[in-house]
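Participant: Structure file entry14.cif (mmCIF, C-alpha atoms and all ligand atoms) right here:
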```cif
data_structure
#
loop_
_atom_site.label_atom_id
_atom_site.label_comp_id
_atom_site.auth_asym_id
_atom_site.auth_seq_id
_atom_site.Cartn_x
_atom_site.Cartn_y
_atom_site.Cartn_z
CA MET A 1 -6.21 18.50 16.77
CA SER A 2 -9.03 16.83 18.57
CA GLN A 3 -12.21 14.85 18.28
CA GLU A 4 -13.71 17.45 15.99
CA ASN A 5 -13.74 15.85 12.57
CA GLN A 6 -13.33 12.41 11.07
CA ALA A 7 -13.26 11.12 14.61
CA ASN A 8 -17.02 11.28 14.63
CA TRP A 9 -17.62 10.53 11.01
CA PRO A 10 -18.88 6.96 11.18
CA LEU A 11 -17.13 4.12 9.38
CA TYR A 12 -18.94 2.63 6.37
CA GLU A 13 -18.12 -0.72 4.82
CA VAL A 14 -18.21 -0.56 1.04
CA PHE A 15 -19.60 -3.23 -1.31
CA ILE A 16 -19.30 -3.02 -5.08
CA GLN A 17 -21.00 -4.83 -7.90
CA SER A 18 -18.50 -5.05 -10.72
CA LYS A 19 -21.00 -5.93 -13.48
CA PRO A 20 -24.76 -6.29 -13.75
CA GLY A 21 -25.75 -9.78 -12.66
CA LEU A 22 -22.95 -10.28 -10.12
CA ALA A 23 -23.23 -10.03 -6.35
CA HIS A 24 -21.93 -7.02 -4.47
CA LYS A 25 -18.53 -7.73 -2.99
CA HIS A 26 -16.82 -6.17 0.01
CA VAL A 27 -13.92 -3.95 -1.06
CA GLY A 28 -12.97 -1.93 2.03
CA SER A 29 -14.25 0.90 4.15
CA LEU A 30 -14.24 4.65 4.52
CA HIS A 31 -15.34 7.38 6.90
CA ALA A 32 -18.02 9.83 5.81
CA PRO A 33 -20.48 12.20 7.47
CA ASP A 34 -23.46 10.31 6.02
CA ALA A 35 -24.38 7.46 3.71
CA GLN A 36 -24.88 9.63 0.63
CA THR A 37 -21.41 11.14 0.99
CA ALA A 38 -20.00 7.70 1.67
CA ILE A 39 -21.37 6.50 -1.68
CA GLU A 40 -19.94 9.48 -3.52
CA ASN A 41 -16.54 9.04 -1.88
CA ALA A 42 -16.60 5.29 -2.44
CA ARG A 43 -16.95 5.99 -6.15
CA ASP A 44 -13.73 8.01 -6.11
CA VAL A 45 -11.83 5.67 -3.83
CA TYR A 46 -12.91 2.28 -5.16
CA THR A 47 -14.04 2.68 -8.79
CA ARG A 48 -11.48 4.91 -10.51
CA ARG A 49 -11.08 2.34 -13.28
CA SER A 50 -14.74 1.51 -13.92
CA GLU A 51 -14.68 -1.33 -11.39
CA GLY A 52 -18.31 -0.83 -10.48
CA THR A 53 -21.89 -0.61 -11.69
CA SER A 54 -23.41 -0.29 -8.22
CA ILE A 55 -22.25 0.62 -4.71
CA TRP A 56 -23.64 -0.30 -1.30
CA VAL A 57 -22.42 1.31 1.87
CA VAL A 58 -23.31 -0.10 5.29
CA PRO A 59 -22.50 1.48 8.67
CA ALA A 60 -19.78 -0.79 10.03
CA GLU A 61 -21.52 -1.01 13.39
CA ALA A 62 -24.65 -2.43 11.73
CA ILE A 63 -22.84 -5.60 10.70
CA SER A 64 -23.11 -8.67 12.92
CA ALA A 65 -20.71 -11.52 12.25
CA SER A 66 -20.21 -15.11 13.31
CA SER A 67 -17.39 -15.68 15.73
CA PRO A 68 -14.16 -17.13 14.31
CA ASP A 69 -13.43 -18.87 17.64
CA ASP A 70 -16.52 -21.05 17.35
CA ALA A 71 -16.24 -21.53 13.60
CA GLY A 72 -15.38 -25.22 14.07
CA GLU A 73 -18.56 -26.22 15.93
CA PHE A 74 -20.67 -23.60 14.22
CA PHE A 75 -20.12 -24.97 10.73
CA GLU A 76 -19.78 -28.57 11.88
CA PRO A 77 -23.39 -29.63 11.16
CA ALA A 78 -22.73 -29.27 7.42
CA ASN A 79 -19.67 -31.48 7.45
CA ASP A 80 -21.35 -34.89 7.71
CA LYS A 81 -24.12 -34.24 5.23
CA VAL A 82 -22.48 -35.38 2.07
CA TYR A 83 -25.90 -36.35 0.67
CA ARG A 84 -26.43 -32.64 0.06
CA HIS A 85 -24.02 -32.88 -2.86
CA PRO A 86 -24.94 -34.41 -6.22
CA THR A 87 -21.77 -36.52 -6.28
CA PHE A 88 -23.21 -38.59 -3.40
CA TYR A 89 -25.63 -40.40 -5.72
CA ASP A 90 -24.97 -43.44 -7.93
CA ILE A 91 -26.46 -43.12 -11.37
CA PRO A 92 -26.38 -45.99 -13.90
CA LYS A 93 -23.97 -45.50 -16.77
CA GLY A 94 -25.39 -43.94 -19.89
CA VAL A 95 -28.16 -42.04 -18.14
CA LYS A 96 -28.01 -38.40 -19.23
CA TYR A 97 -29.24 -35.01 -18.05
CA LEU A 98 -29.11 -35.87 -14.33
CA MET B 99 -6.89 -21.75 25.85
CA GLU B 100 -3.51 -20.87 27.23
CA GLU B 101 -1.54 -18.11 25.54
CA ASN B 102 1.11 -20.65 24.55
CA GLN B 103 -1.38 -22.95 22.90
CA LEU B 104 -3.02 -20.06 21.11
CA LEU B 105 0.35 -18.96 19.83
CA GLU B 106 1.12 -22.42 18.57
CA LYS B 107 -2.24 -22.69 16.80
CA PHE B 108 -1.70 -19.28 15.27
CA GLN B 109 1.68 -20.32 13.89
CA GLU B 110 0.22 -23.54 12.48
CA LYS B 111 -2.42 -21.57 10.68
CA VAL B 112 0.10 -19.12 9.25
CA ASP B 113 2.32 -22.01 8.17
CA ALA B 114 -0.66 -23.61 6.44
CA GLU B 115 -1.08 -20.37 4.45
CA ILE B 116 -4.49 -19.62 5.96
CA LYS B 117 -4.96 -15.85 6.08
CA VAL B 118 -5.48 -14.16 9.42
CA GLU B 119 -8.71 -12.14 9.53
CA PRO B 120 -9.58 -9.19 11.78
CA LYS B 121 -11.64 -11.05 14.40
CA ASP B 122 -9.26 -14.02 14.67
CA TRP B 123 -7.04 -14.37 17.70
CA MET B 124 -3.58 -12.98 17.01
CA PRO B 125 -0.50 -12.30 19.13
CA GLU B 126 -0.41 -8.76 20.44
CA LYS B 127 2.97 -8.26 18.80
CA TYR B 128 1.62 -9.36 15.42
CA ARG B 129 -1.16 -6.79 15.75
CA LYS B 130 1.24 -4.05 16.83
CA THR B 131 3.74 -4.81 14.08
CA LEU B 132 0.99 -4.70 11.48
CA ILE B 133 -0.51 -1.47 12.77
CA ARG B 134 2.90 0.16 12.63
CA GLN B 135 3.79 -1.23 9.22
CA ILE B 136 0.43 -0.60 7.53
CA SER B 137 0.07 2.91 8.92
CA GLN B 138 3.63 3.81 7.90
CA HIS B 139 2.80 2.48 4.48
CA ALA B 140 -0.39 4.58 4.39
CA HIS B 141 1.47 7.71 5.49
CA SER B 142 4.06 7.10 2.77
CA GLU B 143 1.38 6.99 0.09
CA VAL B 144 -0.05 10.27 1.36
CA VAL B 145 3.24 12.14 1.81
CA GLY B 146 4.41 10.62 -1.48
CA MET B 147 1.95 12.83 -3.32
CA LEU B 148 3.91 15.95 -2.37
CA PRO B 149 7.11 15.60 -4.44
CA GLU B 150 5.00 14.87 -7.51
CA ALA B 151 2.47 17.61 -6.88
CA ASN B 152 5.43 19.97 -7.08
CA TRP B 153 5.45 19.52 -10.89
CA LEU B 154 1.73 19.31 -11.62
CA THR B 155 1.36 22.88 -12.81
CA ARG B 156 4.59 22.68 -14.81
CA ALA B 157 4.10 19.36 -16.58
CA PRO B 158 5.39 19.81 -20.14
CA SER B 159 2.17 18.78 -21.91
CA LEU B 160 -1.49 18.23 -21.22
CA ARG B 161 -0.93 14.48 -21.67
CA ARG B 162 1.76 14.42 -19.00
CA LYS B 163 -0.35 16.56 -16.71
CA MET B 164 -3.39 14.28 -16.95
CA ILE B 165 -1.20 11.23 -16.31
CA LEU B 166 0.47 12.81 -13.32
CA LEU B 167 -2.87 13.88 -11.86
CA ALA B 168 -4.24 10.36 -12.24
CA LYS B 169 -1.15 8.88 -10.62
CA ILE B 170 -1.32 11.25 -7.66
CA GLN B 171 -5.01 10.50 -7.23
CA ASP B 172 -4.16 6.79 -7.16
CA GLU B 173 -1.63 7.41 -4.39
CA ALA B 174 -4.32 9.14 -2.32
CA GLY B 175 -6.48 6.07 -2.90
CA HIS B 176 -3.64 3.79 -1.81
CA GLY B 177 -3.35 5.74 1.42
CA LEU B 178 -7.08 5.24 2.02
CA TYR B 179 -7.04 1.48 1.28
CA LEU B 180 -4.22 1.14 3.77
CA TYR B 181 -5.79 3.24 6.51
CA SER B 182 -8.87 1.10 5.99
CA ALA B 183 -6.79 -2.09 6.43
CA ALA B 184 -5.11 -0.68 9.53
CA GLU B 185 -8.47 0.14 11.09
CA THR B 186 -9.49 -3.52 10.98
CA LEU B 187 -6.81 -4.05 13.64
CA GLY B 188 -8.68 -1.89 16.13
CA VAL B 189 -7.09 1.54 15.68
CA ASP B 190 -8.94 4.65 14.64
CA ARG B 191 -7.90 6.44 11.49
CA GLN B 192 -7.90 9.76 13.29
CA GLU B 193 -5.29 8.46 15.75
CA LEU B 194 -3.08 7.41 12.88
CA VAL B 195 -3.40 10.75 11.13
CA GLU B 196 -2.55 12.54 14.36
CA GLU B 197 0.54 10.39 14.79
CA LEU B 198 1.73 11.42 11.37
CA LEU B 199 1.07 15.11 11.97
CA SER B 200 2.78 15.09 15.36
CA GLY B 201 5.86 13.46 13.87
CA LYS B 202 5.48 10.34 16.02
CA ALA B 203 4.84 8.08 13.02
CA LYS B 204 7.32 7.62 10.21
CA TYR B 205 6.88 7.48 6.45
CA SER B 206 9.26 6.32 3.75
CA SER B 207 12.48 8.34 3.83
CA ILE B 208 12.49 8.65 0.02
CA PHE B 209 9.83 11.35 0.08
CA ASN B 210 12.16 13.70 1.92
CA TYR B 211 14.16 14.28 -1.24
CA PRO B 212 13.28 17.15 -3.58
CA THR B 213 12.04 16.88 -7.17
CA LEU B 214 14.30 19.48 -8.76
CA THR B 215 13.63 18.96 -12.47
CA TRP B 216 10.94 17.41 -14.65
CA ALA B 217 13.23 14.40 -15.12
CA ASP B 218 12.83 13.74 -11.39
CA ILE B 219 9.15 13.02 -11.98
CA GLY B 220 10.25 10.35 -14.41
CA ALA B 221 12.81 9.00 -11.95
CA VAL B 222 10.24 8.89 -9.16
CA GLY B 223 7.83 6.80 -11.23
CA TRP B 224 10.52 4.53 -12.59
CA LEU B 225 12.64 4.03 -9.47
CA VAL B 226 10.52 4.96 -6.45
CA ASP B 227 7.32 3.33 -7.65
CA GLY B 228 9.46 0.54 -9.06
CA ALA B 229 11.01 -0.14 -5.66
CA ALA B 230 7.64 0.18 -3.94
CA ILE B 231 6.14 -2.32 -6.37
CA MET B 232 8.77 -4.96 -5.52
CA ASN B 233 7.76 -4.66 -1.90
CA GLN B 234 4.04 -4.50 -2.61
CA VAL B 235 3.98 -7.52 -4.88
CA MET B 236 5.56 -9.47 -2.04
CA LEU B 237 2.93 -8.09 0.34
CA THR B 238 0.02 -9.36 -1.75
CA ARG B 239 0.99 -12.66 -0.07
CA THR B 240 1.22 -11.29 3.45
CA SER B 241 -0.54 -13.35 6.12
CA TYR B 242 -3.00 -10.65 7.19
CA GLY B 243 -6.07 -10.82 4.95
CA PRO B 244 -7.12 -7.14 4.76
CA TYR B 245 -3.51 -6.02 4.13
CA SER B 246 -3.09 -8.62 1.43
CA ARG B 247 -6.33 -7.61 -0.29
CA ALA B 248 -5.39 -3.92 -0.18
CA MET B 249 -2.07 -4.84 -1.79
CA VAL B 250 -3.75 -6.70 -4.63
CA ARG B 251 -5.75 -3.59 -5.43
CA ILE B 252 -2.72 -1.36 -5.15
CA CYS B 253 -0.52 -3.53 -7.35
CA LYS B 254 -3.11 -3.49 -10.13
CA GLU B 255 -3.00 0.29 -10.10
CA GLU B 256 0.76 0.63 -9.68
CA SER B 257 1.71 -0.93 -12.96
CA PHE B 258 1.04 2.23 -14.94
CA HIS B 259 2.92 4.37 -12.42
CA GLN B 260 6.26 2.81 -13.14
CA ARG B 261 5.72 2.71 -16.90
CA GLN B 262 4.76 6.36 -17.16
CA GLY B 263 7.88 7.29 -15.17
CA PHE B 264 10.11 5.17 -17.35
CA GLU B 265 8.52 6.71 -20.44
CA ILE B 266 9.42 10.20 -19.20
CA VAL B 267 13.03 9.21 -18.54
CA ALA B 268 13.32 7.28 -21.82
CA THR B 269 11.92 10.24 -23.80
CA LEU B 270 14.44 12.61 -22.23
CA ALA B 271 17.27 10.11 -22.73
CA LYS B 272 16.75 10.17 -26.47
CA GLY B 273 16.23 13.95 -26.64
CA THR B 274 18.80 16.75 -26.91
CA PRO B 275 22.15 16.38 -25.08
CA GLU B 276 20.79 18.67 -22.35
CA GLN B 277 17.70 16.52 -21.94
CA LYS B 278 19.75 13.37 -21.75
CA GLU B 279 21.96 14.98 -19.16
CA MET B 280 18.87 15.90 -17.18
CA ALA B 281 17.72 12.27 -17.23
CA GLN B 282 21.15 11.05 -16.12
CA ASP B 283 21.27 13.63 -13.37
CA ALA B 284 17.88 12.48 -12.05
CA LEU B 285 19.05 8.86 -12.06
CA ASN B 286 22.22 9.90 -10.24
CA ARG B 287 20.28 11.59 -7.49
CA TRP B 288 17.46 9.04 -7.08
CA TRP B 289 19.40 5.80 -7.42
CA TRP B 290 20.85 5.51 -3.93
CA PRO B 291 17.83 6.80 -2.00
CA SER B 292 15.72 4.29 -3.96
CA LEU B 293 17.96 1.43 -2.80
CA MET B 294 17.52 2.67 0.77
CA MET B 295 13.75 2.26 0.43
CA PHE B 296 14.15 -1.47 1.10
CA GLY B 297 15.42 -0.70 4.58
CA PRO B 298 18.60 -1.67 6.44
CA ARG B 299 20.73 -4.63 5.46
CA ASP B 300 19.52 -8.01 6.68
CA ASP B 301 22.31 -8.26 9.26
CA ASN B 302 21.06 -4.99 10.71
CA SER B 303 17.32 -5.59 10.55
CA PRO B 304 16.34 -7.12 13.89
CA ASN B 305 12.61 -7.45 13.18
CA THR B 306 12.90 -9.31 9.90
CA ALA B 307 13.11 -12.81 11.40
CA GLN B 308 9.84 -12.49 13.33
CA SER B 309 8.06 -10.84 10.40
CA MET B 310 9.18 -13.65 8.12
CA LYS B 311 8.09 -16.27 10.62
CA TRP B 312 4.63 -14.73 10.78
CA LYS B 313 4.70 -14.32 7.01
CA ILE B 314 4.01 -10.61 7.27
CA LYS B 315 7.03 -10.36 4.98
CA ARG B 316 8.01 -13.01 2.46
CA LYS B 317 11.40 -11.75 1.41
CA THR B 318 14.18 -9.95 3.25
CA ASN B 319 15.25 -6.37 2.56
CA ASP B 320 18.40 -7.49 0.79
CA GLU B 321 16.56 -10.02 -1.38
CA LEU B 322 14.11 -7.38 -2.58
CA ARG B 323 16.86 -4.82 -3.11
CA GLU B 324 18.82 -7.30 -5.19
CA GLU B 325 15.82 -8.10 -7.39
CA PHE B 326 15.24 -4.41 -7.92
CA ILE B 327 18.85 -3.78 -8.92
CA ASP B 328 18.89 -6.71 -11.34
CA ARG B 329 15.83 -5.42 -13.15
CA THR B 330 16.64 -1.75 -13.10
CA VAL B 331 20.23 -1.91 -14.33
CA GLN B 332 19.01 -3.60 -17.48
CA GLN B 333 16.31 -0.94 -17.95
CA ALA B 334 18.86 1.88 -17.58
CA GLU B 335 21.14 0.26 -20.15
CA ALA B 336 18.28 -0.06 -22.60
CA ILE B 337 17.89 3.72 -22.69
CA GLY B 338 21.60 4.54 -22.59
CA LEU B 339 21.84 5.75 -19.00
CA THR B 340 24.45 4.72 -16.43
CA VAL B 341 23.67 3.60 -12.91
CA PRO B 342 25.85 5.76 -10.62
CA ASP B 343 27.72 2.97 -8.87
CA LYS B 344 31.32 2.33 -9.88
CA ASP B 345 31.34 -0.95 -7.95
CA LEU B 346 28.32 -2.36 -9.73
CA LYS B 347 29.17 -5.54 -11.59
CA TRP B 348 27.49 -8.73 -12.65
CA ASN B 349 28.36 -11.67 -10.45
CA GLU B 350 28.20 -14.76 -12.64
CA GLU B 351 28.32 -17.14 -9.71
CA ARG B 352 25.44 -15.58 -7.78
CA GLY B 353 23.46 -14.64 -10.86
CA HIS B 354 22.99 -11.14 -9.45
CA TYR B 355 24.70 -7.78 -9.51
CA ASP B 356 27.13 -6.89 -6.75
CA HIS B 357 26.74 -3.28 -5.74
CA GLY B 358 28.68 -0.62 -3.86
CA GLU B 359 28.14 0.28 -0.23
CA ILE B 360 24.98 2.21 0.59
CA ASN B 361 25.45 5.33 2.70
CA TRP B 362 23.54 4.19 5.76
CA ASP B 363 24.47 7.32 7.72
CA GLU B 364 22.48 9.28 5.19
CA PHE B 365 19.56 6.86 5.54
CA TYR B 366 19.35 7.17 9.33
CA ASN B 367 19.90 10.88 9.16
CA VAL B 368 16.91 11.33 6.84
CA ILE B 369 14.75 9.06 9.00
CA GLN B 370 15.68 11.14 12.01
CA GLY B 371 14.21 14.17 10.31
CA ASN B 372 17.27 15.77 8.78
CA GLY B 373 16.69 15.07 5.09
CA PRO B 374 16.48 17.92 2.61
CA CYS B 375 12.66 18.18 2.75
CA ASN B 376 11.47 16.65 6.03
CA GLN B 377 10.29 19.95 7.47
CA GLU B 378 8.68 21.08 4.25
CA ARG B 379 6.76 17.78 3.93
CA MET B 380 5.49 17.90 7.50
CA LYS B 381 4.47 21.50 7.14
CA ALA B 382 2.58 20.71 3.94
CA ARG B 383 0.67 17.88 5.67
CA ARG B 384 -0.17 20.01 8.71
CA ASP B 385 -1.29 22.90 6.54
CA ALA B 386 -3.45 20.56 4.47
CA TYR B 387 -5.05 19.25 7.63
CA ASP B 388 -5.69 22.71 9.04
CA ASN B 389 -6.85 24.22 5.77
CA GLY B 390 -9.20 21.31 5.19
CA ARG B 391 -10.91 21.75 8.52
CA TRP B 392 -13.67 23.98 7.20
CA VAL B 393 -14.43 21.44 4.47
CA ARG B 394 -14.85 18.65 7.01
CA GLU B 395 -17.05 20.87 9.15
CA ALA B 396 -19.14 21.92 6.17
CA ALA B 397 -19.60 18.30 5.13
CA LYS B 398 -20.85 17.46 8.58
CA ALA B 399 -23.21 20.42 8.68
CA TYR B 400 -24.55 19.51 5.25
CA ALA B 401 -25.12 15.90 6.32
CA ALA B 402 -27.01 17.10 9.41
CA LYS B 403 -29.16 19.38 7.30
CA ARG B 404 -29.92 16.60 4.85
CA ALA B 405 -30.87 14.28 7.71
CA ALA B 406 -33.17 16.93 9.23
CA LYS B 407 -34.90 17.44 5.89
CA ALA B 408 -35.46 13.74 5.40
CA ALA B 409 -36.90 13.34 8.91
FE FE C 501 1.06 3.82 -4.31
FE FE C 502 2.50 4.52 -7.22
#
```
When written as structure tokens, how does the structure in this file appear?
Ligand SMILES: [Fe+2]
Ligand SMILES: [Fe+2]
Facilitator:
Amino acid sequence: MSQENQANWPLYEVFIQSKPGLAHKHVGSLHAPDAQTAIENARDVYTRRSEGTSIWVVPAEAISASSPDDAGEFFEPANDKVYRHPTFYDIPKGVKYL
Amino acid sequence: MEENQLLEKFQEKVDAEIKVEPKDWMPEKYRKTLIRQISQHAHSEVVGMLPEANWLTRAPSLRRKMILLAKIQDEAGHGLYLYSAAETLGVDRQELVEELLSGKAKYSSIFNYPTLTWADIGAVGWLVDGAAIMNQVMLTRTSYGPYSRAMVRICKEESFHQRQGFEIVATLAKGTPEQKEMAQDALNRWWWPSLMMFGPRDDNSPNTAQSMKWKIKRKTNDELREEFIDRTVQQAEAIGLTVPDKDLKWNEERGHYDHGEINWDEFYNVIQGNGPCNQERMKARRDAYDNGRWVREAAKAYAAKRAAKAA
């Protein structure tokens, strides 16, 4: 056994849309020699019970993510902006459709 | 931050039921425990296909054959979901596969028992998947996010596995006297190994306390085993079979069954590689790996060709 096989099949993250109209959602990952094969294998691994209408695969190394360590400060600017939510506003009683 | 502080924060988070995600800080021991547990779980799903595959070509009807094929395919999928979860902890799938093939990694001892008759396929679904489900339902609430999500998927798929197994056993149990005897015989042989699937008794399970503290596990081995017995005894009675334990009796006070002593020597012996099928199972996995080599190479060559054409 050696580096020969899966070892250099890249890792793909798999996203599935469960019905038309919904967003694609991350479901897991798999190794495949290329994207086309990854899609075909993702169908067998992740949609055996008609869980999907569309599949995206993305090379895992192509994903950049925010850092969990800085999540506090990073998302902080949104915390004191309550006026971004409709419940912030006073509306006189009886006024509709607002 | 100091290691101590980090550890404290980690515990607070776990206590607050916030899931741990791959890029979050985690204690090295938490990571190691999870890698070991998830990969063992993955290996078990994969090796678990073998005892069932033994009856694929001899399933008694096309209906049973299609069901069994679908179940086995699900188990392959479960292995893949779990390898995928393990990889989020920074190991490579290839390493894990090599650990299985070299015998370094373990898989559930239950799969080292043979499936001698068709009734065994029923017993495997009913008892082995049944026991696995108890554990997996608990693990949907494990603290590590990717493991928990894989478990949710798996549990959805498992529910038919146990029912199809029970249906096989129930059908035999109401058949001819020989068929009923076959069903009873399968229960006799699979009962005790199924109880062993939950692992050693709590007083002999040194890692349980830490795993519970980190909420990797939510229930102890004995708790899960007890739940399984309570449910399964009733199911056996419903189809006129007898659980092979002369000490089994309902304990009014505890609200659970008391059961006879499990043969732990047998358990450790099988784990150490001396079960009836350990060698056969390992050989089957190694052969599958070796015989699949040309397929993996062909897939790579085909991908390269496709890429060259597109360029
Ligand atoms: Fe499974
Ligand atoms: Fe299963």
Participant: By how many Å are atom CA of Val368 of chain B and atom CA of Ile208 of chain B apart?
Facilitator: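 So the two atoms, atom CA of Val368 of chain B and atom CA of Ile208 of chain B, lie 8.6 Å apart.
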Participant: Return the single residue from B:Leu225, B:Val341, B:Leu237, B:Ile314 that is closest to ligand FE 502 (chain C), with distances computed using only C-alpha atoms and all ligand atoms.
Facilitator: B:Leu225
Participant: Using only C-alpha atoms, determine which residues lie at most 9 Å from segment 372-383 of chain B, disregarding the query and same-chain residues fewer than 3 positions distant; provide the list as a ChimeraX atom specification.
Facilitator: /B:144-145,148-149,198-201,207,209-212,364-369,386-388
Participant: Calculated over all atoms listed in the file, which of the candidates A:Gly72, A:Gly94, A:Gly28, A:Pro20 has the smallest distance to Ala60 of chain A?
Facilitator: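 Using all atoms listed in the file, Ala60 of chain A sits closest to A:Gly28.
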Participant: Hey, list the chain B side of the contact with chain A: 6 Å cut-off, all atoms listed in the file, answer as JSON, numbers by chain.
Facilitator: {"B": [122, 175, 182, 192, 398, 401]}
Participant: Please write as a list in words the list of polymer residues whose atoms come within 12 Å of (-26.8, -27.4, -10.9), counting only C-alpha atoms and keeping to the coordinates of the file.
Facilitator: His85, Pro86, Thr87, Tyr97 and Leu98 of chain A
Participant: Name the residues, by chain letter and number, that sit within 7 Å of ligand FE 501 (chain C) using all atoms listed in the file, and give them as a list of chain:residue names.
Facilitator: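 Every residue with an atom at most 7 Å from ligand FE 501 (chain C) is listed here: B:Glu143, B:Asp172, B:Glu173, B:His176, B:Ile252, B:Glu256.
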Participant: For atom CA of Leu339 of chain B and atom CA of Asn361 of chain B, determine how far apart the two atoms are, in Å to one decimal place.
Facilitator: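 Spanning atom CA of Leu339 of chain B to atom CA of Asn361 of chain B is a straight-line distance of 22.0 Å.
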Participant: Between atom CA of Gly220 of chain B and atom CA of Asp356 of chain B, what is the spacing in Å?
Facilitator: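 Those two atoms sit 25.3 Å apart.
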Participant: Using all atoms listed in the file, find the one residue out of B:Ala203, B:Val222, B:Ala217, B:Leu104 that sits nearest to ligand FE 502 (chain C).
Facilitator: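 For ligand FE 502 (chain C), the nearest of the given residues is B:Val222.
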Participant: Compute the set of protein, DNA and RNA residues whose minimum atom distance to ligand FE 502 (chain C) is at most 9 Å, using all atoms listed in the file, and state it as a ChimeraX atom specification.
Facilitator: /B:143,146,169-170,172-173,176,223,226-228,230-231,252-253,255-260
Participant: For the residues in the current selection, export C-alpha atoms as a PDB file, in the coordinates of the input.
Facilitator:
```pdb
ATOM      1  CA  GLU B 143       1.380   6.990   0.090  1.00  0.00           C
ATOM      2  CA  GLY B 146       4.410  10.620  -1.480  1.00  0.00           C
ATOM      3  CA  LYS B 169      -1.150   8.880 -10.620  1.00  0.00           C
ATOM      4  CA  ILE B 170      -1.320  11.250  -7.660  1.00  0.00           C
ATOM      5  CA  ASP B 172      -4.160   6.790  -7.160  1.00  0.00           C
ATOM      6  CA  GLU B 173      -1.630   7.410  -4.390  1.00  0.00           C
ATOM      7  CA  HIS B 176      -3.640   3.790  -1.810  1.00  0.00           C
ATOM      8  CA  GLY B 223       7.830   6.800 -11.230  1.00  0.00           C
ATOM      9  CA  VAL B 226      10.520   4.960  -6.450  1.00  0.00           C
ATOM     10  CA  ASP B 227       7.320   3.330  -7.650  1.00  0.00           C
ATOM     11  CA  GLY B 228       9.460   0.540  -9.060  1.00  0.00           C
ATOM     12  CA  ALA B 230       7.640   0.180  -3.940  1.00  0.00           C
ATOM     13  CA  ILE B 231       6.140  -2.320  -6.370  1.00  0.00           C
ATOM     14  CA  ILE B 252      -2.720  -1.360  -5.150  1.00  0.00           C
ATOM     15  CA  CYS B 253      -0.520  -3.530  -7.350  1.00  0.00           C
ATOM     16  CA  GLU B 255      -3.000   0.290 -10.100  1.00  0.00           C
ATOM     17  CA  GLU B 256       0.760   0.630  -9.680  1.00  0.00           C
ATOM     18  CA  SER B 257       1.710  -0.930 -12.960  1.00  0.00           C
ATOM     19  CA  PHE B 258       1.040   2.230 -14.940  1.00  0.00           C
ATOM     20  CA  HIS B 259       2.920   4.370 -12.420  1.00  0.00           C
ATOM     21  CA  GLN B 260       6.260   2.810 -13.140  1.00  0.00           C
TER      22      GLN B 260
END
```
Participant: Got a sec: who's within 10 Å of segment 332-335 of chain B, counting all atoms listed in the file, leaving out chain neighbours fewer than 6 positions off, as JSON, numbers by chain?
Facilitator: {"B": [224, 264, 267, 268, 271, 282, 285, 341]}
Participant: What's around segment 54-56 of chain A at 7 Å? Count only C-alpha atoms, leave out sequence neighbours fewer than 4 positions away in its own chain, and write the answer as a list in words.
Facilitator: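 Non-adjacent residues within range: Val14, Phe15, Ile16, Gln17 and Ile39 of chain A.
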Participant: Generate the output file for the selected residues, C-alpha atoms, as an mmCIF file, in the coordinates of the input.
Facilitator:
```cif
data_model
loop_
_atom_site.group_PDB
_atom_site.id
_atom_site.type_symbol
_atom_site.label_atom_id
_atom_site.label_comp_id
_atom_site.auth_asym_id
_atom_site.auth_seq_id
_atom_site.Cartn_x
_atom_site.Cartn_y
_atom_site.Cartn_z
ATOM 1 C CA VAL A 14 -18.210 -0.560 1.040
ATOM 2 C CA PHE A 15 -19.600 -3.230 -1.310
ATOM 3 C CA ILE A 16 -19.300 -3.020 -5.080
ATOM 4 C CA GLN A 17 -21.000 -4.830 -7.900
ATOM 5 C CA ILE A 39 -21.370 6.500 -1.680
#
```
Participant: Give the centre and edge lengths of an axis-aligned box, in Å to one decimal, that holds all listed atoms of segment 123-138 of chain B with 5 Å on each side, as AutoDock Vina command-line options.
Facilitator:
```
--center_x -1.6 --center_y -5.3 --center_z 14.0 --size_x 20.8 --size_y 28.2 --size_z 22.9
```
Participant: Using only C-alpha atoms for the distances, tell me which of B:Ala229, B:Lys317, B:Ala406, B:Tyr245 is nearest to Arg329 of chain B.
Facilitator: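 Of B:Ala229, B:Lys317, B:Ala406, B:Tyr245, the one nearest Arg329 of chain B is B:Ala229, counting only C-alpha atoms.
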